[in-house]
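> Below is the structure I would like to discuss, written out as structure tokens.
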Amino acid sequence: MKKILFQLSVFALTAVSAFAQADDYKKAEFFVGYSNQQVDAGVDPGDFDSFVRDRESFNGFNVSGVYNVSRYIGVKADFSGAYKGRSFNFSPPGGNVSFDADASLYNFLGGLQLKDNSTEKRVKPFGHILAGAGHGRVKVSNLNCSVGVDCTGLNSTLSETGFAAAIGGGVDIKLNNRVDLRLIQVDYNPVFFDNGTNHNVRFGIGFVFK
């Protein structure tokens with residue numbers, strides 16, 4: 001009888017320990033936040049000064065979901081959209097042209113995230129490597145052309161989809177057992193379109209729900 005009671009006690013302690021280990025990190029998380037994308041304007045990335053200076057600032061959103069297969073490794077799905085509107089007015093020889101252009105850039109990505117997901121951890125640096133598709137679109141509206149100026153092809157919507165990636169990371173700060181503040185996220189976000197590679201940089205801030 002004593003032997004049986006001892007074996008049952010060992011089994012119970014082992015089971016409690018196993019459950020404790022399973023509960024020491026969150027199995028899943030969901031991020032929603034603001035995204036700023038510094039979109040490549042088509043400069044040579046080998047020229048660092050131009051790489052920093054010649055880019056357009058897009059504003060939008062970023063959402064992602066992670067399923068943690070262990071305390072340190074998670075499978076991640078990521079979606080972001082960023083937008084920019086501009087008005088153009090210029091004077092080619094013999095006339096004047098003006099129009100509005102609304103541009104957007106979307107990323108549909110998936111991959112792996114590395115982070116210490118311990119429930120006791122307060123400051124949580126993370127890194128991720130993601131790959132998928134990027135979709136860019138430019139819509140031209142309110143086109144005005146002087147008589148004699150050829151504006152063929154301007155009054156239309158242009159779009160293109162190509163391979164995309166995001167390599168980067170950031171820092172999460174624990175607010176409580178259910179919510180973290182994503183203090184910063186920074187990604188290098190190349191998108192490979194037919195006419196060349198857009199070397200974009202993506203910034204994010206928001207909240208992580210667990």
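In the structure tokens, each chain is lettered A, B, ... as it comes, each chain's residues begin at 1, and ligands are numbered from 1 in order of appearance.
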From a DSSP calculation on the backbone, collect every residue of stretch 7-208 of chain A in alpha helix (DSSP H) and output the set as a list in words.

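After running DSSP on the backbone, stretch 7-208 of chain A has alpha helix (DSSP H) at Gln7, Leu8, Ser9, Val10, Phe11, Ala12, Leu13, Thr14, Ala15, Val16, Ser17, Ala18, Phe19, Ala20, Gln21, Ala22, Phe48, Asp49, Ser50, Phe51, Val52 and Arg53 of chain A.
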
> Do you have, as a tab-separated table, the list of residues of stretch 100-139 of chain A lying at most 10 Å from stretch 164-181 of chain A, each with its nearest atom pair and that distance in Å to one decimal, counting only C-alpha atoms and ordered by chain then number?


residue	atom	partner	partner_atom	distance
A:Tyr106	CA	A:Ala164	CA	9.8
A:Asn107	CA	A:Ala164	CA	7.1
A:Phe108	CA	A:Ala164	CA	8.1
A:Leu109	CA	A:Ala165	CA	7.0
A:Gly110	CA	A:Ala165	CA	8.8
A:Gly111	CA	A:Ala166	CA	9.3
A:Gln113	CA	A:Gly169	CA	8.6
A:Leu114	CA	A:Gly169	CA	9.0
A:Lys115	CA	A:Val171	CA	9.5
A:Thr119	CA	A:Asn177	CA	7.2
A:Glu120	CA	A:Asn177	CA	9.0
A:Lys121	CA	A:Lys174	CA	7.5
A:Arg122	CA	A:Lys174	CA	4.8
A:Val123	CA	A:Ile173	CA	4.9
A:Lys124	CA	A:Asp172	CA	5.0
A:Pro125	CA	A:Val171	CA	4.2
A:Phe126	CA	A:Gly169	CA	5.3
A:Gly127	CA	A:Gly169	CA	3.9
A:His128	CA	A:Gly169	CA	5.7
A:Ile129	CA	A:Ile167	CA	4.7
A:Leu130	CA	A:Ala166	CA	5.1
A:Ala131	CA	A:Ala165	CA	4.2
A:Gly132	CA	A:Ala164	CA	5.3
A:Ala133	CA	A:Ala164	CA	4.8
A:Gly134	CA	A:Ala164	CA	5.1
A:His135	CA	A:Ala164	CA	8.8

> May I ask which of the residues A:Ser118, A:Ser91, A:Asn59, A:Thr161 is the closest one to A:Gly33, counting only C-alpha atoms?

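Counting only C-alpha atoms, the residue closest to A:Gly33 is A:Asn59.
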
> Hey, can you check how far atom CA of A:Tyr188 sits from atom CA of A:Ser104?

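Between atom CA of A:Tyr188 and atom CA of A:Ser104 the gap is 17.6 Å.
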
> Need to verify the contact set: A:Gly60, 10 Å, only C-alpha atoms, exclusion of same-chain residues closer than 4 positions in sequence. Can you return it as a list in words?

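Contacts, with the query itself left out: Gly33, Tyr34, Ser35, Asn36, Gln37, Ser80, Gly81, Ala82, Tyr83, Lys84, Ser104, Leu105, Tyr106 and Gly204 of chain A.
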
> May I have the residues within 12 Å of A:Tyr25 as a list in words, using only C-alpha atoms and disregarding those fewer than 2 positions away in the same chain?

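My reading of the contact set: Phe19, Ala20, Gln21, Ala22, Asp23, Lys27, Ala28, Glu29, Tyr67, Asn68, Val69, Ser70, Arg71, Tyr72, Ile73, Gly74, Lys115, Asp116, Asn117, Ser118, Thr119, Glu120, Lys121, Asn177, Arg178 and Lys210 of chain A.
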